[in-house]
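Text of input-v2.cif, listed as mmCIF, C-alpha atoms:
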data_input
#
loop_
_atom_site.label_atom_id
_atom_site.label_comp_id
_atom_site.auth_asym_id
_atom_site.auth_seq_id
_atom_site.Cartn_x
_atom_site.Cartn_y
_atom_site.Cartn_z
CA MET H 1 38.26 24.59 63.24
CA GLY H 2 35.28 25.53 61.13
CA GLU H 3 32.39 23.28 60.23
CA LEU H 4 33.06 20.69 57.56
CA SER H 5 31.17 20.91 54.30
CA GLY H 6 30.70 18.98 51.08
CA ILE H 7 32.68 15.78 50.59
CA LYS H 8 34.61 16.30 53.85
CA ALA H 9 31.40 16.40 55.87
CA ASP H 10 30.08 13.31 54.10
CA LEU H 11 33.33 11.46 54.78
CA ALA H 12 33.14 12.38 58.46
CA GLN H 13 29.56 11.06 58.60
CA VAL H 14 30.58 7.74 57.01
CA VAL H 15 33.40 7.35 59.54
CA ARG H 16 31.04 8.12 62.43
CA LEU H 17 28.49 5.53 61.31
CA ALA H 18 31.18 2.92 60.62
CA LEU H 19 32.80 3.36 64.06
CA ALA H 20 29.38 2.96 65.64
CA GLU H 21 29.01 -0.34 63.70
CA GLN H 22 25.78 0.90 62.12
CA THR H 23 26.24 -1.16 58.97
CA GLU H 24 22.80 -0.62 57.46
CA ASP H 25 23.01 3.11 58.14
CA VAL H 26 26.34 3.19 56.29
CA ARG H 27 24.71 1.45 53.30
CA MET H 28 21.77 3.86 53.25
CA PHE H 29 24.07 6.88 53.52
CA ALA H 30 26.32 5.53 50.76
CA ALA H 31 23.28 5.09 48.50
CA ARG H 32 22.40 8.75 49.08
CA LEU H 33 25.97 9.77 48.21
CA VAL H 34 25.67 7.95 44.87
CA ARG H 35 22.66 10.08 43.97
CA LYS H 36 24.15 13.26 45.43
CA TYR H 37 27.43 13.09 43.52
CA ARG H 38 26.24 11.48 40.29
CA GLY H 39 26.26 14.86 38.56
CA SER H 40 29.20 16.66 40.17
CA GLU H 41 31.53 13.72 40.91
CA PRO H 42 30.50 10.90 38.53
CA ASP H 43 33.66 8.82 39.10
CA LEU H 44 33.17 8.91 42.88
CA ALA H 45 29.47 8.05 42.55
CA GLU H 46 30.25 5.13 40.23
CA GLN H 47 32.90 3.76 42.59
CA VAL H 48 30.62 3.95 45.65
CA ASP H 49 27.78 2.36 43.66
CA LEU H 50 30.14 -0.46 42.65
CA PHE H 51 31.01 -1.09 46.32
CA LEU H 52 27.30 -1.26 47.18
CA ARG H 53 26.58 -3.73 44.40
CA THR H 54 29.53 -6.03 45.16
CA LYS H 55 28.93 -6.07 48.92
CA PRO H 56 25.41 -7.52 49.53
CA ARG H 57 23.53 -6.86 52.73
CA SER H 58 24.29 -9.24 55.55
CA ALA H 59 21.65 -11.87 56.20
CA GLY H 60 20.90 -10.37 59.59
CA ALA H 61 21.62 -7.37 61.78
CA PRO H 62 24.94 -7.48 63.68
CA LEU H 63 23.25 -7.05 67.03
CA ARG H 64 20.18 -9.22 67.17
CA LYS H 65 18.17 -10.09 70.22
CA ALA H 66 17.55 -13.72 71.02
CA ALA H 67 14.75 -15.01 68.84
CA ALA H 68 11.41 -15.33 70.56
CA PRO H 69 9.87 -18.79 70.74
CA ALA H 70 7.96 -19.58 67.56
CA LEU H 71 4.23 -19.20 67.96
CA PRO H 72 1.82 -21.73 66.49
CA GLN H 73 1.06 -20.86 62.89
CA GLN H 74 -2.43 -19.37 62.64
CA PRO H 75 -4.44 -20.20 59.52
CA LEU H 76 -5.12 -17.25 57.23
CA PRO H 77 -8.68 -15.89 57.38
CA VAL H 78 -10.94 -16.83 54.47
CA ASP H 79 -14.25 -15.68 53.05
CA ASP H 80 -16.92 -18.14 54.21
CA GLU H 81 -18.76 -18.03 50.88
CA SER H 82 -15.90 -18.42 48.38
CA ARG H 83 -13.31 -19.96 50.74
CA LEU H 84 -10.74 -17.58 49.25
CA SER H 85 -7.97 -16.33 51.52
CA LEU H 86 -8.49 -12.71 52.53
CA LEU H 87 -4.75 -12.03 52.63
CA LYS H 88 -1.83 -12.71 50.32
CA VAL H 89 1.46 -13.40 52.09
CA PHE H 90 5.00 -12.44 51.08
CA LYS H 91 8.07 -13.38 53.12
CA ASP H 92 11.14 -11.87 51.49
CA PRO H 93 14.72 -12.12 52.82
CA PRO H 94 16.42 -9.00 54.25
CA HIS H 95 18.77 -8.84 51.26
CA ARG H 96 15.88 -8.27 48.83
CA GLU H 97 16.95 -5.67 46.26
CA ALA H 98 15.91 -2.15 47.21
CA PRO H 99 13.36 -0.45 44.94
CA LEU H 100 14.32 2.59 42.89
CA LEU H 101 13.49 5.53 45.14
CA SER H 102 14.06 9.26 45.03
CA ALA H 103 16.30 10.80 47.69
CA ALA H 104 13.26 12.15 49.55
CA LEU H 105 11.51 8.76 49.57
CA ASP H 106 14.70 6.98 50.58
CA GLU H 107 15.14 9.32 53.53
CA SER H 108 11.52 9.08 54.65
CA LEU H 109 11.38 5.28 54.51
CA GLY H 110 14.87 5.02 55.98
CA GLN H 111 13.70 6.87 59.06
CA LEU H 112 10.64 4.62 59.35
CA ILE H 113 12.92 1.57 59.32
CA GLN H 114 15.27 3.07 61.89
CA GLU H 115 12.35 3.96 64.15
CA ARG H 116 11.40 0.29 64.16
CA LYS H 117 14.92 -0.93 64.79
CA GLN H 118 15.40 1.56 67.62
CA SER H 119 11.91 1.46 69.13
CA ALA H 120 13.37 1.05 72.64
CA ARG H 121 15.20 4.34 72.24
CA LEU H 122 11.96 6.05 71.21
CA ALA H 123 10.08 4.44 74.09
CA ALA H 124 12.60 5.90 76.53
CA GLN H 125 11.49 9.32 75.27
CA GLY H 126 7.80 8.45 75.50
CA LEU H 127 7.51 8.05 71.73
CA THR H 128 6.21 5.28 69.47
CA PRO H 129 7.45 4.47 65.94
CA THR H 130 5.42 5.31 62.87
CA ARG H 131 2.45 2.93 62.79
CA SER H 132 0.77 3.81 59.51
CA ALA H 133 1.61 5.28 56.12
CA ILE H 134 -0.19 5.90 52.85
CA PHE H 135 1.60 5.53 49.53
CA VAL H 136 0.26 7.88 46.85
CA GLY H 137 1.17 7.83 43.17
CA PRO H 138 0.30 6.66 39.66
CA PRO H 139 0.37 2.97 38.71
CA GLY H 140 3.74 1.32 38.11
CA VAL H 141 5.95 3.62 40.21
CA GLY H 142 6.82 0.98 42.81
CA LYS H 143 4.32 1.34 45.66
CA THR H 144 3.72 -2.40 46.11
CA LEU H 145 7.39 -3.29 45.58
CA THR H 146 8.34 -0.73 48.21
CA ALA H 147 5.91 -2.28 50.69
CA ARG H 148 7.53 -5.67 50.10
CA TRP H 149 11.00 -4.20 50.54
CA LEU H 150 9.91 -2.40 53.71
CA ALA H 151 8.66 -5.67 55.21
CA SER H 152 11.90 -7.43 54.24
CA GLN H 153 13.99 -4.76 55.96
CA LEU H 154 11.91 -5.10 59.12
CA GLU H 155 12.18 -8.90 58.78
CA VAL H 156 8.44 -9.41 59.07
CA PRO H 157 5.90 -10.85 56.61
CA LEU H 158 3.93 -8.64 54.27
CA TYR H 159 0.18 -9.27 54.18
CA VAL H 160 -1.72 -7.80 51.24
CA LEU H 161 -5.48 -7.45 51.54
CA ASP H 162 -7.17 -9.26 48.64
CA LEU H 163 -10.14 -7.09 47.70
CA THR H 164 -11.64 -9.72 45.40
CA ALA H 165 -12.02 -12.03 48.39
CA VAL H 166 -13.01 -9.36 50.93
CA MET H 167 -15.89 -7.94 48.89
CA SER H 168 -18.72 -10.43 49.43
CA SER H 169 -22.07 -10.60 47.72
CA LEU H 170 -23.71 -11.16 51.09
CA LEU H 171 -25.01 -8.05 52.85
CA GLY H 172 -22.79 -7.11 55.76
CA LYS H 173 -20.23 -9.82 55.03
CA SER H 174 -17.65 -7.49 53.45
CA GLY H 175 -17.30 -5.59 56.72
CA SER H 176 -16.86 -8.87 58.63
CA ASN H 177 -14.22 -10.03 56.15
CA LEU H 178 -12.33 -6.77 56.47
CA ARG H 179 -12.31 -6.96 60.26
CA ALA H 180 -11.20 -10.60 60.18
CA ALA H 181 -8.25 -9.74 57.93
CA LEU H 182 -7.24 -6.74 60.06
CA ASP H 183 -7.59 -8.66 63.33
CA PHE H 184 -5.37 -11.42 61.97
CA ALA H 185 -2.66 -8.94 60.94
CA LYS H 186 -2.65 -7.33 64.39
CA ARG H 187 -1.78 -10.56 66.17
CA SER H 188 1.93 -10.51 65.29
CA PRO H 189 4.50 -8.06 63.85
CA CYS H 190 3.95 -7.53 60.14
CA VAL H 191 3.40 -4.98 57.40
CA LEU H 192 -0.19 -4.96 56.17
CA LEU H 193 -0.82 -3.43 52.75
CA LEU H 194 -4.27 -2.17 51.85
CA ASP H 195 -3.70 -1.79 48.11
CA GLU H 196 -6.09 0.34 46.05
CA ILE H 197 -7.64 1.59 49.26
CA ASP H 198 -9.75 4.08 47.28
CA ALA H 199 -11.92 1.12 46.26
CA ILE H 200 -13.13 0.62 49.85
CA ALA H 201 -12.44 4.00 51.49
CA LYS H 202 -14.21 6.44 49.24
CA ARG H 203 -15.64 9.72 50.46
CA ARG H 204 -18.70 8.97 52.50
CA SER H 205 -20.44 11.88 50.79
CA ASP H 206 -20.45 9.90 47.54
CA ASP H 207 -24.15 9.20 47.01
CA ALA H 208 -23.35 6.52 44.43
CA ASP H 209 -22.01 4.19 47.12
CA VAL H 210 -24.23 1.87 49.08
CA GLY H 211 -24.26 1.79 52.85
CA GLU H 212 -22.04 -1.29 52.89
CA LEU H 213 -19.06 0.61 51.42
CA LYS H 214 -19.62 3.52 53.79
CA ARG H 215 -19.46 1.12 56.72
CA LEU H 216 -16.11 -0.17 55.42
CA VAL H 217 -14.73 3.37 55.61
CA THR H 218 -15.74 3.55 59.26
CA VAL H 219 -14.01 0.23 59.95
CA ILE H 220 -10.77 1.43 58.36
CA LEU H 221 -10.87 4.75 60.22
CA GLN H 222 -11.12 2.91 63.52
CA GLU H 223 -8.35 0.47 62.63
CA VAL H 224 -5.86 3.13 61.57
CA ASP H 225 -6.43 4.95 64.86
CA GLU H 226 -5.97 1.78 66.91
CA TRP H 227 -3.23 0.03 64.91
CA PRO H 228 -0.65 -1.49 67.29
CA ALA H 229 2.93 -0.23 67.33
CA THR H 230 4.14 -3.79 66.72
CA GLY H 231 3.24 -3.54 63.02
CA VAL H 232 2.95 -1.09 60.17
CA LEU H 233 -0.31 -0.46 58.31
CA VAL H 234 0.33 0.73 54.76
CA ALA H 235 -2.33 1.90 52.34
CA ALA H 236 -1.74 2.58 48.64
CA THR H 237 -3.80 4.52 46.14
CA ASN H 238 -3.65 5.76 42.56
CA HIS H 239 -6.62 8.10 43.17
CA PRO H 240 -6.10 10.18 46.33
CA GLU H 241 -8.97 12.48 45.36
CA LEU H 242 -11.46 9.63 45.95
CA ILE H 243 -10.39 8.87 49.53
CA ASP H 244 -12.45 10.08 52.45
CA PRO H 245 -10.74 13.23 53.89
CA ALA H 246 -11.08 11.88 57.42
CA LEU H 247 -8.78 9.00 56.51
CA TRP H 248 -5.92 11.25 55.46
CA ARG H 249 -5.65 12.70 58.94
CA ARG H 250 -5.30 9.23 60.48
CA PHE H 251 -2.06 8.24 58.74
CA ASP H 252 1.22 9.05 60.47
CA LEU H 253 3.06 9.39 57.18
CA VAL H 254 2.10 10.34 53.62
CA VAL H 255 4.60 9.07 51.03
CA GLU H 256 4.25 10.49 47.53
CA PHE H 257 5.58 8.45 44.61
CA LYS H 258 6.14 10.49 41.46
CA MET H 259 6.93 9.47 37.91
CA PRO H 260 10.69 8.87 37.64
CA ASP H 261 12.95 11.69 36.48
CA ILE H 262 15.55 11.12 33.76
CA SER H 263 18.22 10.03 36.26
CA ALA H 264 15.88 7.43 37.81
CA VAL H 265 14.84 6.27 34.33
CA LYS H 266 18.49 5.67 33.42
CA ASP H 267 19.09 3.78 36.68
CA ALA H 268 15.99 1.66 36.08
CA THR H 269 16.96 0.92 32.48
CA SER H 270 20.43 -0.18 33.58
CA ARG H 271 19.02 -2.38 36.35
CA PHE H 272 16.38 -4.04 34.18
CA LEU H 273 18.94 -4.82 31.46
CA GLY H 274 20.75 -6.99 34.01
CA PRO H 275 23.40 -9.22 32.37
CA ASP H 276 22.46 -7.83 28.95
CA TYR H 277 23.72 -4.37 29.89
CA ALA H 278 27.00 -5.10 28.12
CA LEU H 279 25.02 -5.67 24.92
CA PHE H 280 22.60 -2.75 25.16
CA GLY H 281 24.80 -0.34 27.15
CA ARG H 282 25.76 1.73 24.11
CA TRP H 283 22.07 2.58 23.64
CA ILE H 284 21.46 3.53 27.28
CA ASP H 285 21.06 7.30 26.76
CA VAL H 286 18.74 6.83 23.78
CA LEU H 287 16.63 4.31 25.68
CA SER H 288 16.49 6.55 28.76
CA PHE H 289 15.36 9.49 26.65
CA LEU H 290 12.61 7.47 24.98
CA PHE H 291 11.48 5.94 28.30
CA HIS H 292 11.25 9.32 30.05
CA GLY H 293 7.70 9.89 31.25
CA GLN H 294 6.96 6.19 31.70
CA SER H 295 6.57 4.22 34.91
CA PHE H 296 9.11 1.70 36.18
CA SER H 297 6.79 -1.18 35.36
CA ASP H 298 6.37 0.01 31.75
CA ILE H 299 10.13 0.33 31.37
CA GLU H 300 10.73 -3.12 32.83
CA ARG H 301 8.14 -4.72 30.54
CA GLU H 302 9.70 -3.20 27.40
CA ILE H 303 13.27 -4.03 28.45
CA HIS H 304 12.33 -7.64 29.14
CA ARG H 305 10.70 -7.85 25.69
CA LEU H 306 13.98 -6.75 24.11
CA ARG H 307 16.00 -9.20 26.21
CA ARG H 308 13.72 -12.10 25.33
CA ALA H 309 14.10 -11.35 21.63
CA VAL H 310 17.90 -11.34 21.97
CA ALA H 311 17.84 -14.57 23.98
CA LEU H 312 15.80 -16.28 21.26
CA GLY H 313 18.09 -14.94 18.55
CA THR H 314 15.22 -13.45 16.56
CA ALA H 315 17.08 -10.17 15.92
CA SER H 316 20.27 -8.31 16.78
CA ASP H 317 20.36 -5.63 19.46
CA ALA H 318 20.83 -2.95 16.78
CA ASP H 319 17.77 -4.12 14.81
CA LEU H 320 15.67 -4.31 17.98
CA ILE H 321 16.67 -0.81 19.09
CA GLU H 322 16.04 0.64 15.64
CA ASP H 323 12.57 -0.91 15.52
CA PHE H 324 11.89 0.35 19.03
CA ILE H 325 12.94 3.89 18.07
CA ARG H 326 10.75 3.80 14.94
CA THR H 327 7.77 2.86 17.10
CA ARG H 328 8.38 5.44 19.81
CA ILE H 329 9.39 8.26 17.48
CA LEU H 330 5.77 8.52 16.30
CA SER H 331 4.69 9.81 19.72
CA LEU H 332 7.30 12.60 19.80
CA ASP H 333 6.95 16.13 18.50
CA ARG H 334 9.45 17.54 16.00
CA GLN H 335 11.92 18.71 18.63
CA GLY H 336 11.78 15.35 20.37
CA ARG H 337 12.63 13.59 17.10
CA ILE H 338 15.56 15.96 16.58
CA ASP H 339 16.83 15.22 20.10
CA VAL H 340 16.77 11.47 19.43
CA ALA H 341 18.55 11.98 16.11
CA VAL H 342 21.28 14.04 17.84
CA LEU H 343 21.76 11.37 20.51
CA LEU H 344 22.12 8.70 17.86
CA ALA H 345 24.63 10.82 15.95
CA GLN H 346 26.68 11.55 19.07
CA GLN H 347 26.63 8.16 20.76
CA THR H 348 26.39 5.51 18.05
CA ARG H 349 28.20 4.66 14.84
CA LEU H 350 25.07 4.94 12.73
CA SER H 351 25.45 7.04 9.61
CA GLN H 352 23.46 10.25 9.29
CA HIS H 353 21.62 8.58 6.42
CA SER H 354 20.51 5.71 8.69
CA ILE H 355 19.60 8.09 11.51
CA SER H 356 17.51 10.18 9.13
CA ASP H 357 15.74 7.03 7.92
CA ILE H 358 14.99 5.91 11.51
CA THR H 359 13.89 9.26 12.95
CA GLY H 360 12.52 11.12 9.93
CA VAL H 361 14.88 14.05 10.66
CA SER H 362 16.73 15.42 7.65
CA ARG H 363 20.50 15.04 7.42
CA ASP H 364 20.89 18.82 7.16
CA THR H 365 19.13 19.22 10.51
CA ILE H 366 21.22 16.47 12.10
CA ARG H 367 24.43 18.12 10.85
CA LYS H 368 23.32 21.51 12.15
CA TYR H 369 22.58 20.32 15.69
CA THR H 370 25.57 18.00 16.02
CA ALA H 371 27.89 20.76 14.76
CA ASP H 372 26.64 22.91 17.65
CA ASN H 373 27.62 20.13 20.11
CA ARG H 374 24.06 20.19 21.37
CA ILE H 375 23.50 18.52 24.78
CA VAL H 376 20.21 16.67 24.80
CA THR H 377 18.05 16.61 27.92
CA PRO H 378 14.36 15.62 27.94
CA ARG H 379 11.81 18.34 28.51
CA ILE H 380 8.50 16.85 29.61
CA LYS H 381 6.36 19.71 28.35
CA ARG H 382 7.19 18.82 24.76
CA LYS H 383 8.20 15.17 25.22
CA ARG H 384 4.98 13.81 23.85
CA GLU H 385 2.11 15.39 22.07
CA ALA H 386 -1.28 15.17 23.73
#
Using structure tokens, write down the structure from this file.
Amino acid sequence: MGELSGIKADLAQVVRLALAEQTEDVRMFAARLVRKYRGSEPDLAEQVDLFLRTKPRSAGAPLRKAAAPALPQQPLPVDDESRLSLLKVFKDPPHREAPLLSAALDESLGQLIQERKQSARLAAQGLTPTRSAIFVGPPGVGKTLTARWLASQLEVPLYVLDLTAVMSSLLGKSGSNLRAALDFAKRSPCVLLLDEIDAIAKRRSDDADVGELKRLVTVILQEVDEWPATGVLVAATNHPELIDPALWRRFDLVVEFKMPDISAVKDATSRFLGPDYALFGRWIDVLSFLFHGQSFSDIEREIHRLRRAVALGTASDADLIEDFIRTRILSLDRQGRIDVAVLLAQQTRLSQHSISDITGVSRDTIRKYTADNRIVTPRIKRKREA
């Protein structure tokens, strides 16, 4: 019997994981199948996605070791001068909603989680799980949310280094604060996030920096090398070009977050609409097109603005969407405006006269493109004018 392929191979993999009672692995694999078959088998992808949404994660793993005795709660370290806590703490439940991730990110982080859950298996082979990772990407793509989700899946707290508290006006105190925060995080299993690490780990060749900042880089280099396998050290940056090259080599894993593609934008728009999806669902393709090129946080902010307006009864969904299109259409080139007009003609009941008024595209042009049954897909290179 030859090797299985396609859907048959995926079905066999689901059965294998289910028989092994690897519930979380089944969920992760099912999530990948949703993305894999969204284009070729949309009905299958929608059905699997529905199962995932209606069956929440269990509160705990099916095979859990006896809980260790609770240790006395240690007070968080503080800056002696300001008395501000050096760490922010987040303790999210395991069923925290997963962030929107690409297939590559989902696979990379999925392996990190499995390494932690099967650390004994790795130890038997003389291996240790991933101890450190650096998240790289523009603002608003989900780096911090992913760190929180990662900690929730490992069922450990997330500590976030508070740079405003760490950076002291006293000479030499910033280094002491940094070490105090790192030492605290090493005492028990956790995920420690060094957000905006480029602010304290710049290239040491940068003559504009004082010696204090250069000493902080040395501290971080040492800590990444010596970070215990009981926890995960995560750094995040929007400016990888500013980070000292020596630091890159210290991290076990580099995770690159990119701006969402059109499929991820549509998923994000649907998720952020929440219970109002039934109201705004007919506009989903138009919204996704107009949001393409924006970060998840920008999309969420705009969607919540629309939902608040509906909740207050200040305008109808149609009026809100039309106003939104009028605002966004100004940043599109001519072809982008035509694409929006075609989407409106194909997927709404608006008249060509109304569409022309909203988009500035003539009715003759709208008729020409819709008569050709044009399929609209965003093209970034001409999505927005510089």
For this session: For CA of Ile355 in chain H and CA of Ala341 in chain H, determine how far apart the two atoms are, in Å to one decimal place.
Result: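 Distance reported for this atom pair: 6.1 Å.
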Exercise. Given the file above and the PyMOL selection byres ((chain H and resi 300) around 12), which residues are selected, and can you give them as a list in words?
Worked result: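 That expression, the PyMOL selection byres ((chain H and resi 300) around 12), corresponds here to Gly140, Val141, Gly142, Val265, Lys266, Asp267, Ala268, Thr269, Ser270, Arg271, Phe272, Leu273, Gly274, Leu287, Ser288, Phe291, Gln294, Ser295, Phe296, Ser297, Asp298, Ile299, Arg301, Glu302, Ile303, His304, Arg305, Leu306 and Arg307 of chain H.
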Problem set entry | Atomic separation - CA of Val26 in chain H relative to CA of Phe135 in chain H, Å |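 For CA of Phe135 in chain H relative to CA of Val26 in chain H, the distance reads 25.8 Å.
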For this session: Quick one: pull the distance between CA of Leu233 in chain H and CA of Val219 in chain H, Å, one decimal.
Result: 13.8 Å
For this session: Choose the residue, out of H:Leu192, H:Ala133, H:Leu330, H:Val78, that has the smallest atom-to-atom separation from Asn177 in chain H; count all atoms listed in the file.
Result: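 Closest to Asn177 in chain H of all the choices is H:Val78.
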For this session: Go through H:Lys143, H:Pro138, H:Ile325, H:Ala264 one by one, measure the shortest atom-to-atom distance of each to Asn238 in chain H using only C-alpha atoms, and give the residue with the smallest value.
Result: H:Pro138
Exercise. Applied to the shown file, which residues does the PyMOL selection byres ((chain H and resi 196) around 9) return, written as a list of chain:residue names?
Worked result: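 Matching residues under the PyMOL selection byres ((chain H and resi 196) around 9) are H:Leu163, H:Leu194, H:Asp195, H:Ile197, H:Asp198, H:Ala199, H:Ile200, H:Ala235, H:Ala236, H:Thr237, H:Asn238, H:His239.
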Problem set entry | Test item: residues at most 9 Å from Gly360 in chain H, all atoms listed in the file, excluding those fewer than 6 positions along its chain, as a PyMOL selection string | chain H and resi 329+337-338+341
Take the residues that were just selected and, keeping C-alpha atoms, output them as a PDB file, keeping the file's coordinate frame.
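Writing the result to again-v1.pdb gives the following:
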ATOM      1  CA  ILE H 329       9.390   8.260  17.480  1.00  0.00           C
ATOM      2  CA  ARG H 337      12.630  13.590  17.100  1.00  0.00           C
ATOM      3  CA  ILE H 338      15.560  15.960  16.580  1.00  0.00           C
ATOM      4  CA  ALA H 341      18.550  11.980  16.110  1.00  0.00           C
TER       5      ALA H 341
END
For this session: Select, from H:Arg121, H:Arg282, H:Lys91, H:Arg249, the residue with the minimum atom-to-atom distance to Leu343 in chain H, counting all atoms listed in the file.
Result: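 Counting all atoms listed in the file, the residue closest to Leu343 in chain H is H:Arg282.
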Exercise. Any chance you could work out the residue set of the PyMOL selection byres ((chain H and resi 365) around 12) here, as a PyMOL selection string?
Worked result: chain H and resi 334-335+337-339+341-342+345+352-353+355-356+359-364+366-372+374
Exercise. In terms of the shortest atom-to-atom distance over only C-alpha atoms, which of H:Lys173, H:Ala104, H:Val254, H:Thr230 is closest to Arg35 in chain H?
Worked result: H:Ala104
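Comparing H:Ala31, H:Val48, H:Ala123, H:Val89 by their smallest distance to Gly110 in chain H, the closest is H:Ala31 (using all atoms listed in the file).
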Could you name the residues that touch Glu107 in chain H at 9 Å or less, counting all atoms listed in the file, but leaving out those on the same chain fewer than 4 positions away, as a PDB file with C-alpha atoms, in the frame of the given file?
ATOM      1  CA  MET H  28      21.770   3.860  53.250  1.00  0.00           C
ATOM      2  CA  ARG H  32      22.400   8.750  49.080  1.00  0.00           C
ATOM      3  CA  SER H 102      14.060   9.260  45.030  1.00  0.00           C
ATOM      4  CA  ALA H 103      16.300  10.800  47.690  1.00  0.00           C
ATOM      5  CA  GLN H 111      13.700   6.870  59.060  1.00  0.00           C
ATOM      6  CA  LEU H 112      10.640   4.620  59.350  1.00  0.00           C
TER       7      LEU H 112
END
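Distance annotation: of H:Arg96, H:Arg179, H:Lys36, H:Arg148, the residue with the minimal separation from Asp10 in chain H is H:Lys36; atom set is only C-alpha atoms.
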Problem set entry | Residue contacts of Asp319 in chain H (12 Å, all atoms listed in the file) excluding same-chain residues fewer than 6 positions away, as a PyMOL selection string | chain H and resi 280+283+306+309-310+313+325-326+350+354+358
Quick one: everything within 8 Å of Asp162 in chain H, counting only C-alpha atoms, minus sequence neighbours fewer than 4 positions away in the same chain. Send it as a short mmCIF file (atom, residue, chain, number, x, y, z; two decimals) with C-alpha atoms, in the coordinates of the input.
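Once written, out-v1.cif looks like this:
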data_model
loop_
_atom_site.label_atom_id
_atom_site.label_comp_id
_atom_site.auth_asym_id
_atom_site.auth_seq_id
_atom_site.Cartn_x
_atom_site.Cartn_y
_atom_site.Cartn_z
CA SER H 85 -7.97 -16.33 51.52
CA LEU H 86 -8.49 -12.71 52.53
CA LEU H 87 -4.75 -12.03 52.63
CA LYS H 88 -1.83 -12.71 50.32
CA VAL H 166 -13.01 -9.36 50.93
#
Requested file, range 282-298 of chain H restricted to N, CA and C atoms, as an mmCIF file, in the first residue's frame:
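Contents of result-v5.cif, as written:
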data_model
loop_
_atom_site.group_PDB
_atom_site.id
_atom_site.type_symbol
_atom_site.label_atom_id
_atom_site.label_comp_id
_atom_site.auth_asym_id
_atom_site.auth_seq_id
_atom_site.Cartn_x
_atom_site.Cartn_y
_atom_site.Cartn_z
ATOM 1 N N ARG H 282 -21.911 41.026 6.123
ATOM 2 C CA ARG H 282 -22.070 41.247 4.677
ATOM 3 C C ARG H 282 -21.005 42.195 4.120
ATOM 4 N N TRP H 283 -20.317 42.916 5.027
ATOM 5 C CA TRP H 283 -19.277 43.850 4.599
ATOM 6 C C TRP H 283 -17.873 43.256 4.765
ATOM 7 N N ILE H 284 -17.780 41.979 5.147
ATOM 8 C CA ILE H 284 -16.505 41.420 5.589
ATOM 9 C C ILE H 284 -15.417 41.517 4.527
ATOM 10 N N ASP H 285 -15.744 41.246 3.258
ATOM 11 C CA ASP H 285 -14.720 41.291 2.210
ATOM 12 C C ASP H 285 -14.259 42.716 1.933
ATOM 13 N N VAL H 286 -15.193 43.654 1.992
ATOM 14 C CA VAL H 286 -14.824 45.063 1.791
ATOM 15 C C VAL H 286 -13.935 45.537 2.938
ATOM 16 N N LEU H 287 -14.327 45.212 4.164
ATOM 17 C CA LEU H 287 -13.517 45.599 5.321
ATOM 18 C C LEU H 287 -12.130 44.972 5.251
ATOM 19 N N SER H 288 -12.059 43.697 4.893
ATOM 20 C CA SER H 288 -10.771 43.003 4.825
ATOM 21 C C SER H 288 -9.872 43.650 3.785
ATOM 22 N N PHE H 289 -10.459 44.021 2.656
ATOM 23 C CA PHE H 289 -9.668 44.673 1.606
ATOM 24 C C PHE H 289 -9.102 45.998 2.099
ATOM 25 N N LEU H 290 -9.950 46.791 2.762
ATOM 26 C CA LEU H 290 -9.518 48.109 3.228
ATOM 27 C C LEU H 290 -8.547 48.022 4.401
ATOM 28 N N PHE H 291 -8.629 46.935 5.184
ATOM 29 C CA PHE H 291 -7.715 46.763 6.318
ATOM 30 C C PHE H 291 -6.376 46.157 5.898
ATOM 31 N N HIS H 292 -6.290 45.624 4.678
ATOM 32 C CA HIS H 292 -5.056 44.953 4.269
ATOM 33 C C HIS H 292 -3.875 45.923 4.335
ATOM 34 N N GLY H 293 -2.795 45.457 4.958
ATOM 35 C CA GLY H 293 -1.624 46.310 5.161
ATOM 36 C C GLY H 293 -1.563 46.937 6.533
ATOM 37 N N GLN H 294 -2.598 46.704 7.348
ATOM 38 C CA GLN H 294 -2.605 47.235 8.707
ATOM 39 C C GLN H 294 -2.310 46.126 9.716
ATOM 40 N N SER H 295 -1.898 46.528 10.902
ATOM 41 C CA SER H 295 -1.590 45.567 11.959
ATOM 42 C C SER H 295 -2.880 45.108 12.630
ATOM 43 N N PHE H 296 -2.769 44.009 13.381
ATOM 44 C CA PHE H 296 -3.927 43.492 14.105
ATOM 45 C C PHE H 296 -4.473 44.529 15.088
ATOM 46 N N SER H 297 -3.583 45.238 15.761
ATOM 47 C CA SER H 297 -4.050 46.213 16.752
ATOM 48 C C SER H 297 -4.789 47.365 16.088
ATOM 49 N N ASP H 298 -4.344 47.789 14.898
ATOM 50 C CA ASP H 298 -5.055 48.855 14.173
ATOM 51 C C ASP H 298 -6.442 48.386 13.745
#
